[in-house]
Amino acid sequence: MLALESALLRGFLSAAESLEWKQGEVAAAESGSLLQLILDGKYEALFLNSAIQNVFRASSGAEESINSYLEKQILAYLDCSAEVDNMERQRLIFLLGVGSLQLFVQSNWTGPPVQLKLHDFLPPALLQKFCEPKMLRAAILKMLVLDGESVYTLTSHPILLLIARIILVNSRHKLASLQTVFWWTLRCVNIHQQLLEERSPELFSLAQTCIKQGTEAETLFTGGESWHLAVQFHLECAYTFLYYYEYKKAKQCFSMAKDITKLQINLTGALGKRTRFQENYVAQLILDVQRTDEFLLPHSELSPSPTPLENLTMNYDLNDDTLLNEIKLADADQYRVPDLCAEELAVILGICIDLQKNNPVHKLTEEELLAFTSCLLSQPKFWAIQTSALFLRTKIEKGSTRRMERAMKQTQALADQFEDVNTSVSERMKIFYCCQVPPHWAIQRQLASLLFELGCISSALQIFEELEMWKDAVICYEKAGQHGKAEEILRRELEKKETPGLYCLLGDVLKDHQYYDKAWELSRHRSARAQRSKGLLHLRNREFRECVECFERSVQINPMQLGVWFSLGCAYIALEGYEGAAKAFQRCVTLEPDNAEAWNNLSTAYIRLKQKIKAFRTLQEALKCNYEHWQIWENYLLTSTDVGEFSEAIKAYHRLMDLREKYKDTQVLAILVRAVADGMADRAGEVASGLKGKLQELFGRVTSQVTNDGEIWRLYARLYGNGQNDSGEDIDKSLQYLTKAHKCEIQSSDWEKDVSSFKEVVKGAIEIAHVAIKCSKNKSNHQEALQILSSARLNLRGLSSKAKKLFVDVTSNEVHSAIADEVTTMDNMIAELQELSNQLRDQC
């Protein structure tokens, strides 16, 4: 049976498997005909099968809900001890669950539209209480709400997902004889999550359980013929982790899938032409894909066969008068992509999506993604990969004036293919779950967004309203300045049916708390969205206490709301509730470890809580996520200095100078100089004197950019011992830097008018004189020594004369007592310098 389950996961039987199956007992059983229907893509026919109709044949109570009725019937059938053996009953129900999920995917993702009617297989008594189909669908959608997050209102045939969920999630423990139930449960979870407004913790927990079971299912992935399934499993796990912010785990899964295929995938440069009139070949960014040692994967018959080109979505040419449709390489043979199978193409797509999720929106990122999509589209083989690659390319190209037209046509083609009945469903389902294929409404939404950006507002609004995407329609009206129209459309819809979502949108438009309260009551206190929106309005109005209460209620219902945790942390900081802020930002970085701002804010909370070591560590994490954010680097500099990580502080200062021209922080430099000069111990207990060389290098860089700060020059001199060392070179440097500090001080305005400022300048000049005397004694060249002494003497003489002019008592004609001692010291020093100069002249 495991071979058949593997074939079901792949979506087809190989020739050998088909022959073996026909000779086996399963083919003759009822489950055999169901399996054949699923493999042929005839999912609707599954519900017309007599065995399946028997499951739902029992009558239901008038008050019984669809959910409880279906679950009761499925469990009753599984527990039945009739003539059909237990294994066969499990197979039938399992195949019903798989077929329901596949048909739901066809109905909302791949197309063509499904014509299934509920009364074909459900008893009339169960359906009679619903007057119209809309009411029935609304009731089923309500059953699919999880963690207070609403389901997309126009989801087609939600009953199919409900059946799949009852079998593959609620009743999976009853299907013990089947070894791949966990994988279909994971697929069901991933499909369900895409219908919800926000990430669901319940679904994520279930997905993690399924992934754990999969990694422990050794029998499924052992043997050379199982590598196809191993690649698919790792890719599906990776997309799950990626959606729930587990970026590191996702990257590991993508790497494992790539390692199995033994592909070498690298972005590289190659000479080529991009425009029609380009004469010379220049470097172009391309994707180089090679197989390791020309390794050929075994059992190629177990990989899906390519879909005929005419059944794939058309890839439109650019048709631009300047840009070429694709890069024309100088040596195309060197970078020719080998003929890739389905799993290999899916791995390339996965690495591309991972790159997109882990990089900021930037021109370079777009060029890298276009290199990936060009590679994928150069081998059009599978509907799912073609659709995903084209959808990603349109997202990138919509920002380019030369590519906008193609993006528009391509999105329209992607939207239209849903109705196309020429391509069989089984072709479209090939490796569907290994690719991030967008649902049908997401493509239409992208089309509407493109129309809006082109100024076709009425066309965009028409699509948004048809899709019942009221949030997008409201944004459209708001951007167009038609605020009244946005309110009108929401009130019109509320008259038809009151829903928490519509009241929340009305609250967004009118910025009125009463509508959020109405949504909260209508949802019976289960709408995370209502409290989220109410909290955001309080936050905008700077009503932080009320805002915190709303956000706390929202995350209690759904703890996977990254944005709400972040806003909650900010509100706590505003209220100076730093413990609450630390908890909120801690949840942020748990959900999204690459969120640099959350790490930075978490460190701020720790600093306020006097937990500086924790702050230092969180800032290190913040910098791993964003190396270009100067504010994070500044926080890191201050925290490193504070905790005694002097080496890291020097590194941070260098980085800040890379990011901000003429950056300076004199206080930090003073602490670093004191630590090195006094031989203070750093956090690890090492003496900071060992950093003298690195700090001198930093000061050299600082003073090359900031040349007019006397305090920095004075610190630089102190780093060289302020002339107190025995090293002649250090004394020279000290004199040079003290002189520069003195020049900066006397260039500043008003220092002459204030006695205290004047005394500081005099103090500096006297220090220079002392260092000059010491420096002159180390000089073998008497002329050079004389010049040093003369310079110091002239400087002091000028200051002494200025003091006697500016600070003289008019009545006594004597220098003010406040500065008299300094003038006397200067005069004595001038005499000493004169005497030393005379002695040197005598020696010449």
# chains A, B, ... in the order shown; residues from 1 in each chain; ligands from 1
$ select_by_dssp --residues "segment 558-783 of chain A" --states "helix (DSSP H, G or I)" --output "VMD selection string"
chain A and resid 562 to 574 578 to 591 596 to 608 612 to 625 630 to 643 646 to 659 666 to 677 688 to 705 710 to 719 728 to 747 755 to 777 782 to 783
$ residues_around --residues "segment 276-293 of chain A" --least-positions-apart "6" --cutoff "12 Å" --atoms "only C-alpha atoms" --output "ChimeraX atom specification"
/A:258-270,319-341,344-345,347-349,351-352,364-376,378
$ write_last_selection --atoms "C-alpha atoms" --output "PDB file, in the first residue's frame"
ATOM      1  CA  LYS A 258      18.907  21.338  -3.131  1.00  0.00           C
ATOM      2  CA  ASP A 259      21.491  18.906  -1.723  1.00  0.00           C
ATOM      3  CA  ILE A 260      19.332  15.915  -2.714  1.00  0.00           C
ATOM      4  CA  THR A 261      19.102  17.131  -6.319  1.00  0.00           C
ATOM      5  CA  LYS A 262      22.883  17.847  -6.339  1.00  0.00           C
ATOM      6  CA  LEU A 263      22.321  21.129  -8.168  1.00  0.00           C
ATOM      7  CA  GLN A 264      24.746  24.038  -8.035  1.00  0.00           C
ATOM      8  CA  ILE A 265      22.676  27.232  -8.147  1.00  0.00           C
ATOM      9  CA  ASN A 266      24.595  30.523  -8.164  1.00  0.00           C
ATOM     10  CA  LEU A 267      23.960  34.097  -9.197  1.00  0.00           C
ATOM     11  CA  THR A 268      26.854  35.167 -11.366  1.00  0.00           C
ATOM     12  CA  GLY A 269      27.926  37.734 -13.939  1.00  0.00           C
ATOM     13  CA  ALA A 270      28.240  37.054 -17.654  1.00  0.00           C
ATOM     14  CA  ASN A 319       7.853  43.816 -27.364  1.00  0.00           C
ATOM     15  CA  ASP A 320       9.777  46.928 -26.298  1.00  0.00           C
ATOM     16  CA  ASP A 321      11.507  49.182 -28.828  1.00  0.00           C
ATOM     17  CA  THR A 322      14.691  49.250 -26.705  1.00  0.00           C
ATOM     18  CA  LEU A 323      14.850  46.342 -24.263  1.00  0.00           C
ATOM     19  CA  LEU A 324      15.444  42.824 -25.546  1.00  0.00           C
ATOM     20  CA  ASN A 325      12.990  40.117 -24.505  1.00  0.00           C
ATOM     21  CA  GLU A 326      15.817  38.349 -22.678  1.00  0.00           C
ATOM     22  CA  ILE A 327      19.523  38.920 -22.115  1.00  0.00           C
ATOM     23  CA  LYS A 328      21.625  37.976 -25.144  1.00  0.00           C
ATOM     24  CA  LEU A 329      24.795  36.367 -23.778  1.00  0.00           C
ATOM     25  CA  ALA A 330      28.168  36.553 -25.534  1.00  0.00           C
ATOM     26  CA  ASP A 331      28.805  32.881 -24.725  1.00  0.00           C
ATOM     27  CA  ALA A 332      25.378  31.288 -24.282  1.00  0.00           C
ATOM     28  CA  ASP A 333      26.774  27.715 -24.327  1.00  0.00           C
ATOM     29  CA  GLN A 334      28.895  28.303 -21.226  1.00  0.00           C
ATOM     30  CA  TYR A 335      25.837  29.096 -19.125  1.00  0.00           C
ATOM     31  CA  ARG A 336      23.359  26.750 -20.754  1.00  0.00           C
ATOM     32  CA  VAL A 337      20.967  25.349 -18.157  1.00  0.00           C
ATOM     33  CA  PRO A 338      20.765  21.518 -18.192  1.00  0.00           C
ATOM     34  CA  ASP A 339      17.432  19.856 -18.931  1.00  0.00           C
ATOM     35  CA  LEU A 340      15.755  19.996 -15.505  1.00  0.00           C
ATOM     36  CA  CYS A 341      13.056  17.745 -14.074  1.00  0.00           C
ATOM     37  CA  GLU A 344      14.812  20.471  -9.772  1.00  0.00           C
ATOM     38  CA  LEU A 345      12.738  23.361 -11.157  1.00  0.00           C
ATOM     39  CA  VAL A 347      13.996  23.681  -5.907  1.00  0.00           C
ATOM     40  CA  ILE A 348      15.124  26.687  -7.989  1.00  0.00           C
ATOM     41  CA  LEU A 349      11.721  28.320  -7.449  1.00  0.00           C
ATOM     42  CA  ILE A 351      15.396  29.239  -3.413  1.00  0.00           C
ATOM     43  CA  CYS A 352      14.038  32.207  -5.383  1.00  0.00           C
ATOM     44  CA  LEU A 364      19.329  44.733  -6.593  1.00  0.00           C
ATOM     45  CA  THR A 365      16.915  42.187  -5.061  1.00  0.00           C
ATOM     46  CA  GLU A 366      14.576  42.651  -8.035  1.00  0.00           C
ATOM     47  CA  GLU A 367      17.429  42.007 -10.492  1.00  0.00           C
ATOM     48  CA  GLU A 368      18.360  38.826  -8.597  1.00  0.00           C
ATOM     49  CA  LEU A 369      14.747  37.609  -8.634  1.00  0.00           C
ATOM     50  CA  LEU A 370      14.439  38.351 -12.374  1.00  0.00           C
ATOM     51  CA  ALA A 371      17.541  36.196 -12.967  1.00  0.00           C
ATOM     52  CA  PHE A 372      15.722  33.317 -11.213  1.00  0.00           C
ATOM     53  CA  THR A 373      12.429  33.815 -13.086  1.00  0.00           C
ATOM     54  CA  SER A 374      14.260  34.026 -16.443  1.00  0.00           C
ATOM     55  CA  CYS A 375      15.927  30.692 -15.705  1.00  0.00           C
ATOM     56  CA  LEU A 376      12.632  29.042 -14.677  1.00  0.00           C
ATOM     57  CA  SER A 378      13.459  29.251 -20.070  1.00  0.00           C
TER      58      SER A 378
END
$ closest_residue --among "A:Ile613, A:Ala250, A:Ala448, A:Ala15" --to "Asp472 of chain A" --atoms "only C-alpha atoms"
A:Ala448
$ closest_residue --among "A:Ala596, A:Leu302, A:Cys625, A:Ala480" --to "Ser14 of chain A" --atoms "only C-alpha atoms"
A:Leu302
$ closest_residue --among "A:Arg199, A:Lys496, A:Arg714, A:Lys22" --to "Thr666 of chain A" --atoms "only C-alpha atoms"
A:Arg714
$ residues_around --residues "segment 722-732 of chain A" --least-positions-apart "2" --cutoff "10 Å" --atoms "only C-alpha atoms" --output "NGL selection string"
:A and (714-720 or 734-738 or 767-768 or 770-779)
$ write_last_selection --atoms "N, CA, C and O atoms" --output "short mmCIF file (atom, residue, chain, number, x, y, z; two decimals), in the first residue's frame"
data_model
loop_
_atom_site.label_atom_id
_atom_site.label_comp_id
_atom_site.auth_asym_id
_atom_site.auth_seq_id
_atom_site.Cartn_x
_atom_site.Cartn_y
_atom_site.Cartn_z
N ARG A 714 42.62 66.59 21.88
CA ARG A 714 43.20 66.46 23.22
C ARG A 714 43.16 64.99 23.67
O ARG A 714 44.11 64.50 24.29
N LEU A 715 42.05 64.30 23.35
CA LEU A 715 41.94 62.87 23.68
C LEU A 715 42.97 62.05 22.90
O LEU A 715 43.55 61.09 23.43
N TYR A 716 43.19 62.44 21.66
CA TYR A 716 44.19 61.76 20.80
C TYR A 716 45.58 61.90 21.43
O TYR A 716 46.37 60.94 21.48
N ALA A 717 45.85 63.10 21.96
CA ALA A 717 47.15 63.34 22.61
C ALA A 717 47.28 62.48 23.87
O ALA A 717 48.34 61.91 24.15
N ARG A 718 46.16 62.36 24.62
CA ARG A 718 46.20 61.56 25.84
C ARG A 718 46.46 60.09 25.52
O ARG A 718 47.11 59.38 26.29
N LEU A 719 45.96 59.66 24.38
CA LEU A 719 46.17 58.28 23.94
C LEU A 719 47.66 58.00 23.74
O LEU A 719 48.12 56.87 23.91
N TYR A 720 48.40 59.05 23.40
CA TYR A 720 49.86 58.92 23.22
C TYR A 720 50.62 59.34 24.48
O TYR A 720 51.82 59.58 24.44
N SER A 734 52.12 63.62 20.78
CA SER A 734 51.35 64.35 21.81
C SER A 734 51.43 65.84 21.57
O SER A 734 50.41 66.55 21.64
N LEU A 735 52.65 66.35 21.30
CA LEU A 735 52.84 67.78 21.06
C LEU A 735 52.05 68.24 19.83
O LEU A 735 51.38 69.28 19.85
N GLN A 736 52.12 67.42 18.79
CA GLN A 736 51.41 67.74 17.54
C GLN A 736 49.90 67.85 17.77
O GLN A 736 49.25 68.80 17.32
N TYR A 737 49.33 66.87 18.52
CA TYR A 737 47.87 66.84 18.71
C TYR A 737 47.42 67.90 19.72
O TYR A 737 46.33 68.48 19.57
N LEU A 738 48.25 68.16 20.76
CA LEU A 738 47.90 69.21 21.72
C LEU A 738 47.90 70.57 21.05
O LEU A 738 47.06 71.43 21.34
N GLU A 767 50.48 73.43 29.14
CA GLU A 767 50.74 71.99 28.94
C GLU A 767 51.58 71.77 27.68
O GLU A 767 52.51 70.97 27.69
N ILE A 768 51.25 72.51 26.62
CA ILE A 768 52.03 72.41 25.37
C ILE A 768 53.48 72.79 25.64
O ILE A 768 54.42 72.15 25.15
N HIS A 770 55.22 72.56 28.46
CA HIS A 770 55.91 71.47 29.18
C HIS A 770 56.29 70.34 28.23
O HIS A 770 57.41 69.82 28.31
N VAL A 771 55.35 69.95 27.36
CA VAL A 771 55.62 68.86 26.40
C VAL A 771 56.68 69.31 25.41
O VAL A 771 57.55 68.51 24.99
N ALA A 772 56.66 70.59 25.02
CA ALA A 772 57.64 71.13 24.06
C ALA A 772 59.05 71.03 24.64
O ALA A 772 60.01 70.68 23.94
N ILE A 773 59.19 71.36 25.96
CA ILE A 773 60.51 71.26 26.62
C ILE A 773 61.01 69.83 26.56
O ILE A 773 62.17 69.56 26.21
N LYS A 774 60.08 68.87 26.90
CA LYS A 774 60.47 67.46 26.90
C LYS A 774 60.83 66.98 25.49
O LYS A 774 61.78 66.22 25.30
N CYS A 775 60.07 67.48 24.54
CA CYS A 775 60.30 67.07 23.14
C CYS A 775 61.64 67.62 22.63
O CYS A 775 62.37 66.93 21.92
N SER A 776 61.95 68.87 23.02
CA SER A 776 63.19 69.50 22.53
C SER A 776 64.42 68.76 23.05
O SER A 776 65.45 68.70 22.39
N LYS A 777 64.31 68.19 24.26
CA LYS A 777 65.45 67.46 24.84
C LYS A 777 65.73 66.16 24.10
O LYS A 777 66.84 65.63 24.17
N ASN A 778 64.72 65.63 23.40
CA ASN A 778 64.89 64.37 22.65
C ASN A 778 65.40 64.60 21.23
O ASN A 778 65.67 63.65 20.50
N LYS A 779 65.51 65.88 20.83
CA LYS A 779 65.90 66.18 19.45
C LYS A 779 67.42 66.29 19.34
O LYS A 779 68.06 67.04 20.10
#
$ residues_around --residues "Glu493 of chain A" --least-positions-apart "6" --cutoff "12 Å" --atoms "only C-alpha atoms" --output "list in words"
Glu465, Glu468, Met469, Trp470, Ala486, Glu487, Thr499, Pro500, Gly501, Leu502, Tyr503, Leu505 and Leu506 of chain A
$ write_last_selection --atoms "C-alpha atoms" --output "JSON list (two decimals), in the first residue's frame"
[["chain", "number", "residue", "atom", "x", "y", "z"],
["A", 465, "GLU", "CA", -16.08, 44.79, -5.42],
["A", 468, "GLU", "CA", -15.74, 41.36, -2.14],
["A", 469, "MET", "CA", -12.34, 42.63, -1.10],
["A", 470, "TRP", "CA", -13.81, 45.59, 0.71],
["A", 486, "ALA", "CA", -15.93, 54.25, 0.88],
["A", 487, "GLU", "CA", -18.43, 54.70, 3.74],
["A", 499, "THR", "CA", -20.22, 40.95, 9.68],
["A", 500, "PRO", "CA", -17.40, 41.85, 12.11],
["A", 501, "GLY", "CA", -15.04, 42.44, 9.17],
["A", 502, "LEU", "CA", -17.29, 45.06, 7.55],
["A", 503, "TYR", "CA", -17.79, 46.89, 10.84],
["A", 505, "LEU", "CA", -13.56, 48.48, 7.87],
["A", 506, "LEU", "CA", -16.22, 51.08, 8.63]]
$ residues_around --residues "Ile650 of chain A" --least-positions-apart "2" --cutoff "12 Å" --atoms "only C-alpha atoms" --output "ChimeraX atom specification"
/A:633-634,636-641,644-648,652-657,665,668-669,671-673,676,688,691-699,701-702
$ residues_around --residues "Asn49 of chain A" --least-positions-apart "4" --cutoff "10 Å" --atoms "only C-alpha atoms" --output "ChimeraX atom specification"
/A:30,33-34,44-45,53-54,121
$ closest_residue --among "A:Phe551, A:Arg445, A:Asn315, A:Gly798" --to "Leu467 of chain A" --atoms "only C-alpha atoms"
A:Arg445
$ residues_around --residues "Leu144 of chain A" --least-positions-apart "5" --cutoff "9 Å" --atoms "only C-alpha atoms" --output "mmCIF file with N, CA and C atoms, in the first residue's frame"
data_model
loop_
_atom_site.group_PDB
_atom_site.id
_atom_site.type_symbol
_atom_site.label_atom_id
_atom_site.label_comp_id
_atom_site.auth_asym_id
_atom_site.auth_seq_id
_atom_site.Cartn_x
_atom_site.Cartn_y
_atom_site.Cartn_z
ATOM 1 N N SER A 150 -10.865 35.617 10.234
ATOM 2 C CA SER A 150 -11.921 35.304 9.269
ATOM 3 C C SER A 150 -11.368 34.670 8.000
ATOM 4 N N VAL A 151 -12.250 33.941 7.321
ATOM 5 C CA VAL A 151 -11.914 33.254 6.070
ATOM 6 C C VAL A 151 -12.377 34.130 4.903
ATOM 7 N N PRO A 158 -16.428 25.744 0.038
ATOM 8 C CA PRO A 158 -15.707 25.518 1.308
ATOM 9 C C PRO A 158 -16.057 24.193 1.970
ATOM 10 N N LEU A 161 -13.202 21.716 1.791
ATOM 11 C CA LEU A 161 -12.132 21.867 2.774
ATOM 12 C C LEU A 161 -12.602 21.367 4.138
ATOM 13 N N LEU A 162 -13.852 21.598 4.426
ATOM 14 C CA LEU A 162 -14.408 21.131 5.695
ATOM 15 C C LEU A 162 -14.335 19.603 5.779
ATOM 16 N N HIS A 192 -5.591 25.629 4.108
ATOM 17 C CA HIS A 192 -6.510 26.322 5.030
ATOM 18 C C HIS A 192 -5.925 27.679 5.449
ATOM 19 N N LEU A 196 -7.099 32.369 5.549
ATOM 20 C CA LEU A 196 -7.275 33.184 6.748
ATOM 21 C C LEU A 196 -6.606 34.541 6.615
#
$ atom_distance --atom1 "atom CA of Val189 of chain A" --atom2 "atom CA of Ala207 of chain A"
6.5 Å
